[in-house]
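Visitor: Here you go, input.pdb (PDB, C-alpha atoms and all ligand atoms):
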```pdb
ATOM      1  CA  MET M   1       0.000   0.000   0.000
ATOM      2  CA  THR M   2       1.377   3.417  -0.942
ATOM      3  CA  HIS M   3       1.214   6.380   1.345
ATOM      4  CA  ASP M   4       0.687   9.874  -0.046
ATOM      5  CA  HIS M   5       2.634  12.354   2.044
ATOM      6  CA  ASN M   6       1.194  15.216   0.017
ATOM      7  CA  ALA M   7      -2.397  14.405   0.900
ATOM      8  CA  GLY M   8      -4.307  17.060   2.865
ATOM      9  CA  PRO M   9      -5.472  16.588   6.440
ATOM     10  CA  GLN M  10      -8.241  14.353   5.119
ATOM     11  CA  GLY M  11      -5.650  12.028   3.538
ATOM     12  CA  ASP M  12      -6.030   9.361   0.919
ATOM     13  CA  THR M  13      -9.222   7.553   1.823
ATOM     14  CA  SER M  14      -9.876   5.455  -1.279
ATOM     15  CA  GLY M  15     -10.862   1.961  -0.280
ATOM     16  CA  ALA M  16     -11.101   2.832   3.444
ATOM     17  CA  PRO M  17     -14.245   1.729   5.314
ATOM     18  CA  GLY M  18     -17.274   4.027   5.282
ATOM     19  CA  VAL M  19     -20.107   4.658   7.725
ATOM     20  CA  LEU M  20     -23.860   4.492   8.135
ATOM     21  CA  ALA M  21     -24.964   8.122   8.493
ATOM     22  CA  LEU M  22     -28.243   9.172  10.146
ATOM     23  CA  ASP M  23     -29.666  12.706  10.131
ATOM     24  CA  ILE M  24     -32.468  13.563  12.579
ATOM     25  CA  GLY M  25     -34.324  16.741  11.581
ATOM     26  CA  GLY M  26     -37.502  18.305  12.911
ATOM     27  CA  THR M  27     -39.400  17.606   9.695
ATOM     28  CA  LYS M  28     -37.296  14.976   7.941
ATOM     29  CA  LEU M  29     -35.219  11.898   8.787
ATOM     30  CA  ALA M  30     -32.489  10.842   6.369
ATOM     31  CA  ALA M  31     -29.998   7.985   6.151
ATOM     32  CA  GLY M  32     -27.189   6.922   3.855
ATOM     33  CA  VAL M  33     -24.189   4.664   3.557
ATOM     34  CA  VAL M  34     -21.215   6.880   2.769
ATOM     35  CA  GLY M  35     -17.687   5.868   1.804
ATOM     36  CA  ALA M  36     -14.581   7.444   3.316
ATOM     37  CA  ASP M  37     -14.166   9.398   0.063
ATOM     38  CA  GLY M  38     -17.685  10.882   0.335
ATOM     39  CA  ARG M  39     -19.228   8.528  -2.183
ATOM     40  CA  MET M  40     -22.854   7.925  -1.229
ATOM     41  CA  TRP M  41     -23.648   4.252  -1.735
ATOM     42  CA  SER M  42     -27.314   4.669  -0.796
ATOM     43  CA  PHE M  43     -29.676   7.363   0.485
ATOM     44  CA  ALA M  44     -33.260   7.530   1.754
ATOM     45  CA  SER M  45     -35.418   9.973   3.704
ATOM     46  CA  CYS M  46     -38.882  10.155   5.253
ATOM     47  CA  PRO M  47     -40.939  12.557   7.396
ATOM     48  CA  THR M  48     -39.951  12.669  11.088
ATOM     49  CA  GLY M  49     -43.522  12.718  12.391
ATOM     50  CA  VAL M  50     -42.516  14.510  15.606
ATOM     51  CA  GLU M  51     -46.143  14.349  16.778
ATOM     52  CA  ASP M  52     -45.879  10.541  17.085
ATOM     53  CA  GLY M  53     -43.182  10.873  19.789
ATOM     54  CA  PRO M  54     -39.567   9.729  19.922
ATOM     55  CA  GLU M  55     -40.170   5.949  19.975
ATOM     56  CA  ALA M  56     -42.075   5.924  16.690
ATOM     57  CA  ALA M  57     -39.694   8.358  15.017
ATOM     58  CA  LEU M  58     -36.617   6.416  16.141
ATOM     59  CA  ARG M  59     -38.213   3.200  14.837
ATOM     60  CA  ARG M  60     -38.641   4.918  11.436
ATOM     61  CA  LEU M  61     -35.069   6.222  11.562
ATOM     62  CA  PHE M  62     -33.562   2.817  12.328
ATOM     63  CA  GLU M  63     -35.708   1.148   9.634
ATOM     64  CA  LEU M  64     -34.456   3.787   7.213
ATOM     65  CA  GLY M  65     -30.905   2.869   8.259
ATOM     66  CA  GLU M  66     -31.600  -0.804   7.577
ATOM     67  CA  LYS M  67     -33.021   0.058   4.164
ATOM     68  CA  VAL M  68     -29.911   2.001   3.103
ATOM     69  CA  LEU M  69     -27.645  -0.757   4.462
ATOM     70  CA  ALA M  70     -29.552  -3.267   2.320
ATOM     71  CA  ASP M  71     -29.481  -0.930  -0.710
ATOM     72  CA  ALA M  72     -25.732  -0.396  -0.406
ATOM     73  CA  GLY M  73     -25.199  -4.161  -0.094
ATOM     74  CA  ALA M  74     -21.723  -5.626  -0.215
ATOM     75  CA  ALA M  75     -20.489  -2.721  -2.375
ATOM     76  CA  ALA M  76     -20.105  -0.545   0.705
ATOM     77  CA  GLY M  77     -17.881  -3.154   2.347
ATOM     78  CA  GLN M  78     -17.029  -3.190   6.032
ATOM     79  CA  LEU M  79     -18.354  -0.151   7.966
ATOM     80  CA  LEU M  80     -16.604   1.737  10.777
ATOM     81  CA  GLY M  81     -19.880   2.425  12.556
ATOM     82  CA  VAL M  82     -22.752   4.914  12.712
ATOM     83  CA  GLY M  83     -22.545   8.727  12.604
ATOM     84  CA  ILE M  84     -25.629  10.622  13.811
ATOM     85  CA  GLY M  85     -26.394  14.333  13.389
ATOM     86  CA  CYS M  86     -29.185  16.146  15.242
ATOM     87  CA  GLY M  87     -30.026  19.618  16.526
ATOM     88  CA  GLY M  88     -28.877  20.336  20.092
ATOM     89  CA  PRO M  89     -28.723  20.614  22.976
ATOM     90  CA  LEU M  90     -27.057  17.237  23.108
ATOM     91  CA  ASP M  91     -24.024  15.567  24.627
ATOM     92  CA  PRO M  92     -21.674  14.357  21.888
ATOM     93  CA  TYR M  93     -19.438  12.636  24.449
ATOM     94  CA  THR M  94     -22.162  10.382  25.928
ATOM     95  CA  GLY M  95     -24.344  10.327  22.789
ATOM     96  CA  VAL M  96     -27.469  11.633  24.537
ATOM     97  CA  LEU M  97     -30.056  13.989  23.034
ATOM     98  CA  ILE M  98     -30.772  16.329  25.958
ATOM     99  CA  GLY M  99     -33.907  18.041  24.637
ATOM    100  CA  PRO M 100     -33.770  19.544  21.127
ATOM    101  CA  PRO M 101     -36.501  22.237  20.898
ATOM    102  CA  HIS M 102     -37.530  21.101  17.394
ATOM    103  CA  LEU M 103     -38.152  17.542  18.663
ATOM    104  CA  THR M 104     -40.931  17.883  21.207
ATOM    105  CA  GLY M 105     -40.834  15.149  23.852
ATOM    106  CA  TRP M 106     -37.300  13.970  23.036
ATOM    107  CA  THR M 107     -35.711  14.310  26.459
ATOM    108  CA  ASP M 108     -32.510  12.467  27.461
ATOM    109  CA  ILE M 109     -32.609   9.986  24.575
ATOM    110  CA  PRO M 110     -29.437   7.800  24.546
ATOM    111  CA  VAL M 111     -29.446   7.686  20.763
ATOM    112  CA  THR M 112     -25.938   6.255  20.226
ATOM    113  CA  ASP M 113     -26.626   3.359  22.650
ATOM    114  CA  LEU M 114     -29.898   2.636  20.834
ATOM    115  CA  ALA M 115     -28.227   2.770  17.411
ATOM    116  CA  GLY M 116     -25.339   0.644  18.673
ATOM    117  CA  GLN M 117     -27.729  -2.053  19.888
ATOM    118  CA  ARG M 118     -29.758  -1.940  16.704
ATOM    119  CA  TYR M 119     -26.875  -2.257  14.237
ATOM    120  CA  GLY M 120     -24.180  -3.935  16.332
ATOM    121  CA  LEU M 121     -21.767  -1.112  15.422
ATOM    122  CA  PRO M 122     -20.161   1.716  17.428
ATOM    123  CA  ALA M 123     -22.083   5.003  17.067
ATOM    124  CA  VAL M 124     -21.315   8.701  17.616
ATOM    125  CA  LEU M 125     -23.539  11.780  17.858
ATOM    126  CA  ASP M 126     -22.894  15.440  17.060
ATOM    127  CA  ASN M 127     -24.809  18.665  16.660
ATOM    128  CA  ASP M 128     -26.012  18.890  13.056
ATOM    129  CA  GLY M 129     -24.309  22.280  12.647
ATOM    130  CA  THR M 130     -20.998  20.806  13.795
ATOM    131  CA  ALA M 131     -21.600  17.869  11.463
ATOM    132  CA  GLY M 132     -22.386  20.278   8.608
ATOM    133  CA  ALA M 133     -19.073  22.068   9.135
ATOM    134  CA  ALA M 134     -17.225  18.735   9.185
ATOM    135  CA  GLY M 135     -19.069  17.635   6.025
ATOM    136  CA  GLU M 136     -18.156  20.778   4.078
ATOM    137  CA  TRP M 137     -14.556  20.447   5.244
ATOM    138  CA  ARG M 138     -14.164  16.751   4.429
ATOM    139  CA  PHE M 139     -16.288  16.434   1.285
ATOM    140  CA  GLY M 140     -17.379  19.891   0.110
ATOM    141  CA  ALA M 141     -16.149  23.402  -0.597
ATOM    142  CA  GLY M 142     -13.783  23.358   2.398
ATOM    143  CA  ARG M 143     -11.486  20.527   1.297
ATOM    144  CA  GLY M 144      -7.900  21.505   2.087
ATOM    145  CA  CYS M 145      -8.872  24.417   4.373
ATOM    146  CA  ARG M 146      -7.432  24.774   7.842
ATOM    147  CA  THR M 147     -10.243  26.832   9.323
ATOM    148  CA  LEU M 148     -13.829  26.853   8.132
ATOM    149  CA  LEU M 149     -17.007  28.437   9.421
ATOM    150  CA  TYR M 150     -20.357  26.926   8.502
ATOM    151  CA  LEU M 151     -23.743  28.589   8.980
ATOM    152  CA  THR M 152     -27.112  27.200   8.049
ATOM    153  CA  VAL M 153     -29.632  30.009   7.686
ATOM    154  CA  SER M 154     -33.120  28.512   7.628
ATOM    155  CA  THR M 155     -35.925  28.468  10.233
ATOM    156  CA  GLY M 156     -33.218  29.240  12.795
ATOM    157  CA  ILE M 157     -29.482  29.729  12.390
ATOM    158  CA  GLY M 158     -27.169  26.842  13.236
ATOM    159  CA  GLY M 159     -23.605  26.105  12.332
ATOM    160  CA  GLY M 160     -20.217  24.885  13.338
ATOM    161  CA  VAL M 161     -16.492  25.479  13.100
ATOM    162  CA  VAL M 162     -13.514  23.505  11.885
ATOM    163  CA  LEU M 163     -10.569  25.113  13.650
ATOM    164  CA  ASP M 164      -6.975  24.454  12.574
ATOM    165  CA  GLY M 165      -8.016  21.206  10.904
ATOM    166  CA  ARG M 166     -10.119  19.895  13.811
ATOM    167  CA  THR M 167     -13.859  19.903  14.293
ATOM    168  CA  TYR M 168     -14.565  22.252  17.198
ATOM    169  CA  ARG M 169     -17.031  21.090  19.870
ATOM    170  CA  GLY M 170     -16.373  23.179  22.960
ATOM    171  CA  GLY M 171     -16.335  22.192  26.616
ATOM    172  CA  ALA M 172     -19.825  20.689  26.805
ATOM    173  CA  GLY M 173     -20.062  19.738  23.137
ATOM    174  CA  ASN M 174     -22.472  22.457  21.997
ATOM    175  CA  GLY M 175     -19.957  25.160  21.061
ATOM    176  CA  GLY M 176     -19.632  26.912  17.722
ATOM    177  CA  GLU M 177     -23.190  28.326  17.680
ATOM    178  CA  PRO M 178     -23.023  31.315  15.325
ATOM    179  CA  GLY M 179     -26.754  32.163  15.465
ATOM    180  CA  HIS M 180     -26.596  33.572  18.974
ATOM    181  CA  ILE M 181     -23.959  36.242  18.725
ATOM    182  CA  THR M 182     -25.339  39.738  19.343
ATOM    183  CA  VAL M 183     -25.844  41.914  16.281
ATOM    184  CA  ARG M 184     -28.222  44.496  17.835
ATOM    185  CA  SER M 185     -27.739  45.232  21.520
ATOM    186  CA  GLY M 186     -31.190  45.309  23.178
ATOM    187  CA  GLY M 187     -32.749  44.227  19.881
ATOM    188  CA  ARG M 188     -35.387  41.683  18.915
ATOM    189  CA  ARG M 189     -36.081  38.721  21.179
ATOM    190  CA  CYS M 190     -34.514  35.439  20.000
ATOM    191  CA  ARG M 191     -37.006  32.557  19.837
ATOM    192  CA  SER M 192     -34.370  29.895  20.500
ATOM    193  CA  CYS M 193     -32.361  31.296  23.414
ATOM    194  CA  GLY M 194     -34.586  34.096  24.737
ATOM    195  CA  ARG M 195     -31.931  36.791  24.615
ATOM    196  CA  GLN M 196     -32.302  40.053  22.708
ATOM    197  CA  GLY M 197     -30.489  40.988  19.532
ATOM    198  CA  CYS M 198     -29.176  37.585  18.357
ATOM    199  CA  LEU M 199     -28.230  37.143  14.689
ATOM    200  CA  GLU M 200     -30.966  34.488  14.493
ATOM    201  CA  ALA M 201     -33.565  37.059  15.623
ATOM    202  CA  TYR M 202     -32.870  39.044  12.397
ATOM    203  CA  ALA M 203     -31.509  36.891   9.609
ATOM    204  CA  SER M 204     -33.238  33.504  10.011
ATOM    205  CA  GLY M 205     -36.081  32.760   7.596
ATOM    206  CA  THR M 206     -38.592  32.975  10.458
ATOM    207  CA  SER M 207     -37.267  36.356  11.596
ATOM    208  CA  ILE M 208     -37.179  37.802   8.065
ATOM    209  CA  ALA M 209     -40.856  36.841   7.679
ATOM    210  CA  GLU M 210     -41.729  38.300  11.108
ATOM    211  CA  ARG M 211     -39.975  41.576  10.349
ATOM    212  CA  ALA M 212     -41.799  41.709   7.008
ATOM    213  CA  VAL M 213     -45.190  41.326   8.713
ATOM    214  CA  GLU M 214     -44.302  44.129  11.144
ATOM    215  CA  ALA M 215     -43.008  46.362   8.337
ATOM    216  CA  VAL M 216     -46.232  45.841   6.357
ATOM    217  CA  ALA M 217     -48.334  46.829   9.400
ATOM    218  CA  ALA M 218     -46.201  49.962   9.908
ATOM    219  CA  ALA M 219     -46.446  50.831   6.192
ATOM    220  CA  ARG M 220     -50.218  50.411   6.266
ATOM    221  CA  ALA M 221     -50.463  52.672   9.329
ATOM    222  CA  ARG M 222     -48.599  55.467   7.551
ATOM    223  CA  GLY M 223     -50.341  54.881   4.205
ATOM    224  CA  THR M 224     -47.339  53.482   2.277
ATOM    225  CA  ALA M 225     -48.205  50.921  -0.410
ATOM    226  CA  THR M 226     -46.212  47.677  -0.619
ATOM    227  CA  VAL M 227     -46.620  44.517  -2.693
ATOM    228  CA  LEU M 228     -46.097  42.562   0.538
ATOM    229  CA  ASP M 229     -49.486  43.836   1.803
ATOM    230  CA  ARG M 230     -51.572  40.876   0.679
ATOM    231  CA  PRO M 231     -53.399  37.949   2.264
ATOM    232  CA  GLY M 232     -51.515  34.853   3.369
ATOM    233  CA  PRO M 233     -48.220  34.244   5.146
ATOM    234  CA  LEU M 234     -45.000  35.953   4.000
ATOM    235  CA  THR M 235     -41.685  34.154   3.502
ATOM    236  CA  ALA M 236     -38.077  35.278   3.177
ATOM    237  CA  GLU M 237     -38.361  34.444  -0.534
ATOM    238  CA  ASP M 238     -41.323  36.844  -0.919
ATOM    239  CA  VAL M 239     -39.274  39.616   0.699
ATOM    240  CA  ASP M 240     -36.305  38.924  -1.586
ATOM    241  CA  ALA M 241     -38.523  38.912  -4.710
ATOM    242  CA  ALA M 242     -40.307  42.154  -3.751
ATOM    243  CA  ALA M 243     -37.012  43.872  -2.871
ATOM    244  CA  GLN M 244     -35.705  42.942  -6.331
ATOM    245  CA  GLN M 245     -38.702  44.731  -7.849
ATOM    246  CA  GLY M 246     -37.738  47.828  -5.857
ATOM    247  CA  ASP M 247     -40.550  47.660  -3.295
ATOM    248  CA  PRO M 248     -39.443  50.110  -0.552
ATOM    249  CA  VAL M 249     -40.836  48.143   2.412
ATOM    250  CA  ALA M 250     -39.315  44.857   1.222
ATOM    251  CA  THR M 251     -36.026  46.644   0.503
ATOM    252  CA  GLN M 252     -35.914  47.958   4.068
ATOM    253  CA  VAL M 253     -36.478  44.426   5.480
ATOM    254  CA  TRP M 254     -33.926  42.901   3.091
ATOM    255  CA  THR M 255     -31.342  45.599   3.882
ATOM    256  CA  GLU M 256     -31.648  44.854   7.602
ATOM    257  CA  THR M 257     -31.137  41.163   6.803
ATOM    258  CA  VAL M 258     -27.943  41.918   4.875
ATOM    259  CA  ASP M 259     -26.712  44.351   7.567
ATOM    260  CA  THR M 260     -27.224  41.955  10.462
ATOM    261  CA  LEU M 261     -25.808  38.939   8.616
ATOM    262  CA  GLY M 262     -22.821  41.041   7.491
ATOM    263  CA  SER M 263     -22.305  42.321  11.019
ATOM    264  CA  GLY M 264     -22.541  38.835  12.557
ATOM    265  CA  LEU M 265     -20.182  37.331   9.987
ATOM    266  CA  THR M 266     -17.706  40.174  10.519
ATOM    267  CA  SER M 267     -17.489  39.331  14.236
ATOM    268  CA  LEU M 268     -17.082  35.631  13.490
ATOM    269  CA  VAL M 269     -14.463  36.249  10.784
ATOM    270  CA  ASN M 270     -12.498  38.473  13.196
ATOM    271  CA  VAL M 271     -12.546  35.759  15.880
ATOM    272  CA  PHE M 272     -11.659  32.743  13.727
ATOM    273  CA  GLU M 273      -9.986  34.221  10.616
ATOM    274  CA  PRO M 274     -11.367  31.358   8.476
ATOM    275  CA  GLU M 275     -10.258  30.754   4.910
ATOM    276  CA  LEU M 276     -13.827  29.828   4.069
ATOM    277  CA  VAL M 277     -17.294  30.769   5.306
ATOM    278  CA  VAL M 278     -19.905  28.342   3.963
ATOM    279  CA  LEU M 279     -23.538  29.421   4.091
ATOM    280  CA  GLY M 280     -26.289  26.823   3.738
ATOM    281  CA  GLY M 281     -30.010  26.674   4.449
ATOM    282  CA  GLY M 282     -33.129  27.915   2.661
ATOM    283  CA  VAL M 283     -32.398  31.643   2.982
ATOM    284  CA  THR M 284     -29.182  31.225   0.946
ATOM    285  CA  ARG M 285     -31.276  30.178  -2.079
ATOM    286  CA  SER M 286     -31.238  33.932  -2.798
ATOM    287  CA  GLY M 287     -27.608  33.345  -3.827
ATOM    288  CA  ASP M 288     -25.592  36.381  -4.837
ATOM    289  CA  ARG M 289     -28.454  38.801  -4.078
ATOM    290  CA  LEU M 290     -27.749  37.989  -0.443
ATOM    291  CA  LEU M 291     -24.084  37.040  -0.670
ATOM    292  CA  GLU M 292     -22.694  39.914  -2.743
ATOM    293  CA  PRO M 293     -23.715  42.717  -0.336
ATOM    294  CA  VAL M 294     -22.771  40.520   2.658
ATOM    295  CA  ARG M 295     -19.312  39.904   1.140
ATOM    296  CA  ARG M 296     -18.880  43.645   0.598
ATOM    297  CA  LEU M 297     -19.826  44.402   4.215
ATOM    298  CA  VAL M 298     -17.457  41.784   5.636
ATOM    299  CA  ALA M 299     -14.637  42.940   3.337
ATOM    300  CA  ALA M 300     -15.167  46.542   4.466
ATOM    301  CA  GLN M 301     -15.658  45.869   8.177
ATOM    302  CA  ALA M 302     -13.473  42.902   9.158
ATOM    303  CA  MET M 303      -9.875  43.416  10.242
ATOM    304  CA  GLY M 304      -7.384  43.462   7.351
ATOM    305  CA  PRO M 305      -5.860  39.955   7.365
ATOM    306  CA  ALA M 306      -9.181  38.305   8.269
ATOM    307  CA  ALA M 307     -11.059  40.259   5.584
ATOM    308  CA  ARG M 308      -8.485  39.287   2.950
ATOM    309  CA  THR M 309      -8.446  35.628   4.022
ATOM    310  CA  ALA M 310     -12.164  34.812   4.218
ATOM    311  CA  ARG M 311     -14.058  33.682   1.137
ATOM    312  CA  ILE M 312     -17.845  33.476   1.558
ATOM    313  CA  VAL M 313     -19.590  30.796  -0.504
ATOM    314  CA  VAL M 314     -22.883  28.906  -0.648
ATOM    315  CA  ALA M 315     -22.886  25.317   0.681
ATOM    316  CA  SER M 316     -22.652  22.429  -1.753
ATOM    317  CA  GLY M 317     -25.781  21.408   0.143
ATOM    318  CA  GLY M 318     -28.670  19.541  -1.365
ATOM    319  CA  ASP M 319     -30.962  17.003   0.274
ATOM    320  CA  ALA M 320     -28.046  14.858   1.386
ATOM    321  CA  ALA M 321     -26.077  17.587   3.236
ATOM    322  CA  GLY M 322     -27.212  16.367   6.673
ATOM    323  CA  VAL M 323     -26.252  12.778   5.868
ATOM    324  CA  LEU M 324     -22.829  13.836   4.539
ATOM    325  CA  GLY M 325     -22.282  15.822   7.744
ATOM    326  CA  ALA M 326     -23.230  12.837   9.916
ATOM    327  CA  ALA M 327     -20.898  10.693   7.804
ATOM    328  CA  ALA M 328     -18.039  13.175   8.250
ATOM    329  CA  ILE M 329     -18.240  13.181  12.061
ATOM    330  CA  GLY M 330     -18.626   9.398  12.047
ATOM    331  CA  LEU M 331     -15.522   8.953   9.887
ATOM    332  CA  GLU M 332     -13.570  11.409  12.003
ATOM    333  CA  ARG M 333     -14.476  10.050  15.436
ATOM    334  CA  LEU M 334     -14.767   6.327  14.691
ATOM    335  CA  ALA M 335     -11.455   6.192  12.830
ATOM    336  CA  ASP M 336      -9.812   7.708  15.940
ATOM    337  CA  ALA M 337     -11.533   5.250  18.288
TER     338      ALA M 337
HETATM  339 ZN    ZN M 401     -30.390  33.537  20.492
END
```
Take the structure from the file and write it as structure tokens.
Guide:
Amino acid sequence: MTHDHNAGPQGDTSGAPGVLALDIGGTKLAAGVVGADGRMWSFASCPTGVEDGPEAALRRLFELGEKVLADAGAAAGQLLGVGIGCGGPLDPYTGVLIGPPHLTGWTDIPVTDLAGQRYGLPAVLDNDGTAGAAGEWRFGAGRGCRTLLYLTVSTGIGGGVVLDGRTYRGGAGNGGEPGHITVRSGGRRCRSCGRQGCLEAYASGTSIAERAVEAVAAARARGTATVLDRPGPLTAEDVDAAAQQGDPVATQVWTETVDTLGSGLTSLVNVFEPELVVLGGGVTRSGDRLLEPVRRLVAAQAMGPAARTARIVVASGGDAAGVLGAAAIGLERLADA
């Protein structure tokens, strides 16, 4: 066997054993068998059905895992074990889900023990944001980077950090939460943590929609017309589309989104000086309409070396991003075990 001394921190992984990867989301469960090189041998997903409680949802998850194991067959070869990604709070060191707010009724679930018993393989658990960062670093845009910041901007804002070539977890395993840095002192109340002025309270999809509803009410009160003043719920996409058409109310909401995201990223870039900032999640579907002004703000505001070092890109993403993240933390932690 040859050894490639020029390989990056991820090394030459061709032919090395892969993992079973499980992704537990609030609306969707997903599973896949993933090779050490990121090749996905099989993939499947289904609704979580949070309302049925943890036992039923875990049964569906483990059945999904068995399906992808069967689909991958012998081609996947020997597996290292099981990597599991889920929203926190959780304990990645004991493998216990403490009580994720998007999974009502899931309190103190020893998910790695349960998976270990089910599959007869060692299992590890990480925050899905941490897993996402590891996935982008190992398989995605961040290959070859030393330091990478990952943010997923959707209903809330999650994320993770790869720091000097290592996935960062923090003292209790829930570190690297970019959504809860302060971007407006004394500002809007954050739904997730209860504090005021968090990045998530401005730039998440939920918060963009909430600010749009408030801006429409204020516009109506002062007699300003806006295309957002119509029946039915508003989304971040509606705000983006209306701002593109030059609607003044939508533009104001969109500008605050760009300002707060730019401000939050500037703080993070100053702290970590990453080579790459990867943005995923539904809100980033706006692409360069969001990213271009955010890049300009970070370039103008961040400290010189950090501003010159950080590239801001959209996640490689897709439906399988959560599974690739779970695979990345599984490969990292089970290979070390
Ligand atoms: Zn918060």
Visitor: Would you compute the distance between atom CA of M:Ala76 and atom CA of M:Ala133? Give it in Å to one decimal.
Guide: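 These two atoms are separated by 24.2 Å.
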Visitor: Grab the atom CA of M:Arg166 to atom CA of M:Arg146 distance for me, in Å with one decimal place.
Guide: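 Interatomic distance, atom CA of M:Arg166 to atom CA of M:Arg146: 8.2 Å.
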Visitor: Just want the residues within 7 Å of ligand ZN 401 (chain M), written as JSON, numbers by chain, counting all atoms listed in the file.
Guide: {"M": [179, 180, 190, 191, 192, 193, 194, 195, 198, 200, 201]}
Visitor: On this file, the PyMOL selection byres (((chain M and resi 171-174) around 12) and not hetatm) gives some set of residues; write that set as a PyMOL selection string.
Guide: chain M and resi 86-98+100+125-131+158-161+167-170+175-178
Visitor: So which residues get picked by the PyMOL selection byres (((chain M and resi 306) around 8) and not hetatm) here, written as a list of chain:residue names?
Guide: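 Listing what the PyMOL selection byres (((chain M and resi 306) around 8) and not hetatm) selects in the shown file: M:Val269, M:Asn270, M:Glu273, M:Pro274, M:Ala302, M:Met303, M:Gly304, M:Pro305, M:Ala307, M:Arg308, M:Thr309, M:Ala310.
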Visitor: What's the separation between atom CA of M:Thr235 and atom CA of M:His102, in Å to one decimal place?
Guide: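 We find that atom CA of M:Thr235 and atom CA of M:His102 lie 19.5 Å from each other.
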Visitor: Determine the residue membership of the PyMOL selection byres (((chain M and resi 295) around 10) and not hetatm) for the file above and supply it as a ChimeraX atom specification.
Guide: /M:258,261-262,265-266,288,290-294,296-301,307,310-313
Visitor: Find the spatial neighbours of M:Gly35, counting only C-alpha atoms, within a cut-off of 9 Å - ignore same-chain residues fewer than 2 positions away - and output them as a list in words.
Guide: Thr13, Ser14, Gly15, Ala16, Pro17, Gly18, Val19, Leu20, Val33, Asp37, Gly38, Arg39, Met40, Trp41, Ala76, Leu79, Ala327 and Leu331 of chain M
Visitor: Can I get the residues of stretch 128-229 of chain M within 10 Å of stretch 242-250 of chain M, each with the closest pair of atoms and their distance in Å to one decimal, using all atoms listed in the file, sorted chain first then ascending number, as a Markdown table?
Guide:
```
| residue | atom | partner | partner_atom | distance |
| --- | --- | --- | --- | --- |
| M:Arg211 | CA | M:Ala250 | CA | 9.7 |
| M:Ala212 | CA | M:Ala250 | CA | 7.0 |
| M:Ala215 | CA | M:Val249 | CA | 6.6 |
| M:Val216 | CA | M:Val249 | CA | 7.1 |
| M:Ala218 | CA | M:Val249 | CA | 9.4 |
| M:Ala219 | CA | M:Val249 | CA | 7.3 |
| M:Thr224 | CA | M:Val249 | CA | 8.4 |
| M:Ala225 | CA | M:Val249 | CA | 8.4 |
| M:Thr226 | CA | M:Val249 | CA | 6.2 |
| M:Val227 | CA | M:Ala242 | CA | 6.8 |
| M:Leu228 | CA | M:Ala250 | CA | 7.2 |
| M:Asp229 | CA | M:Val249 | CA | 9.7 |
```
Visitor: Please write as a ChimeraX atom specification the list of polymer residues whose atoms come within 10 Å of (-26.0, 23.1, -3.5), counting all atoms listed in the file and keeping to the coordinates of the file.
Guide: /M:140,280-281,284-285,314-321
Visitor: With C-alpha atoms retained, export the selected residues as a compact mmCIF listing (two decimals), in the coordinates of the input.
Guide:
```txt
# COMPACT_ATOMS: atom_id res chain seq x y z
CA GLY M 140 -17.38 19.89 0.11
CA GLY M 280 -26.29 26.82 3.74
CA GLY M 281 -30.01 26.67 4.45
CA THR M 284 -29.18 31.22 0.95
CA ARG M 285 -31.28 30.18 -2.08
CA VAL M 314 -22.88 28.91 -0.65
CA ALA M 315 -22.89 25.32 0.68
CA SER M 316 -22.65 22.43 -1.75
CA GLY M 317 -25.78 21.41 0.14
CA GLY M 318 -28.67 19.54 -1.36
CA ASP M 319 -30.96 17.00 0.27
CA ALA M 320 -28.05 14.86 1.39
CA ALA M 321 -26.08 17.59 3.24
```
Visitor: With 3 Å added on each side, what axis-aligned box encloses every listed atom of stretch 189-195 of chain M? Give the centre and edge lengths in Å to one decimal, as lines of an AutoDock Vina configuration file.
Guide:
```
center_x = -34.5
center_y = 34.3
center_z = 22.3
size_x = 11.1
size_y = 14.8
size_z = 10.9
```
Visitor: Which residue out of M:Ile109, M:Ala30, M:Ala236, M:Leu324 has the minimum interatomic distance to M:Gly282 when only C-alpha atoms are used?
Guide: M:Ala236
Visitor: Which residues, protein or nucleic acid, reach to within 6 Å of (-26.1, 11.6, 7.3) in the file's coordinates when using only C-alpha atoms, and can you give that as a list in words?
Guide: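 The requested residues, written out, are Ala21, Leu22, Asp23, Ala31, Gly32, Gly322, Val323, Leu324, Gly325, Ala326 and Ala327 of chain M.
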Visitor: Between M:Ala221, M:Glu275, M:Ile24, M:Asp240, which one has atoms that come closest to M:Asp164, using all atoms listed in the file?
Guide: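 Smallest separation from M:Asp164 among the options: M:Glu275.
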Visitor: Please determine, counting all atoms listed in the file, which residue among M:Ser286, M:Thr182, M:Thr257, M:Ser154 has the shortest atom-to-atom distance to M:Gln196.
Guide: M:Thr182
Visitor: Which is closest to M:Asp71 among M:Val34, M:Val271, M:Val124, M:Leu279, if we use all atoms listed in the file?
Guide: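 Among the listed residues, the smallest separation from M:Asp71 belongs to M:Val34.
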Visitor: Which is closest to M:Arg143 among M:Pro122, M:Ser204, M:Ser263, M:Gly165, if we use only C-alpha atoms?
Guide: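 The closest residue to M:Arg143 is M:Gly165.
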Visitor: Nearest to M:Gly197 among M:Val183, M:Val278, M:Ala72, M:Ala123, with distances taken over all atoms listed in the file: which residue is it?
Guide: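 The answer is M:Val183, which sits nearest to M:Gly197.
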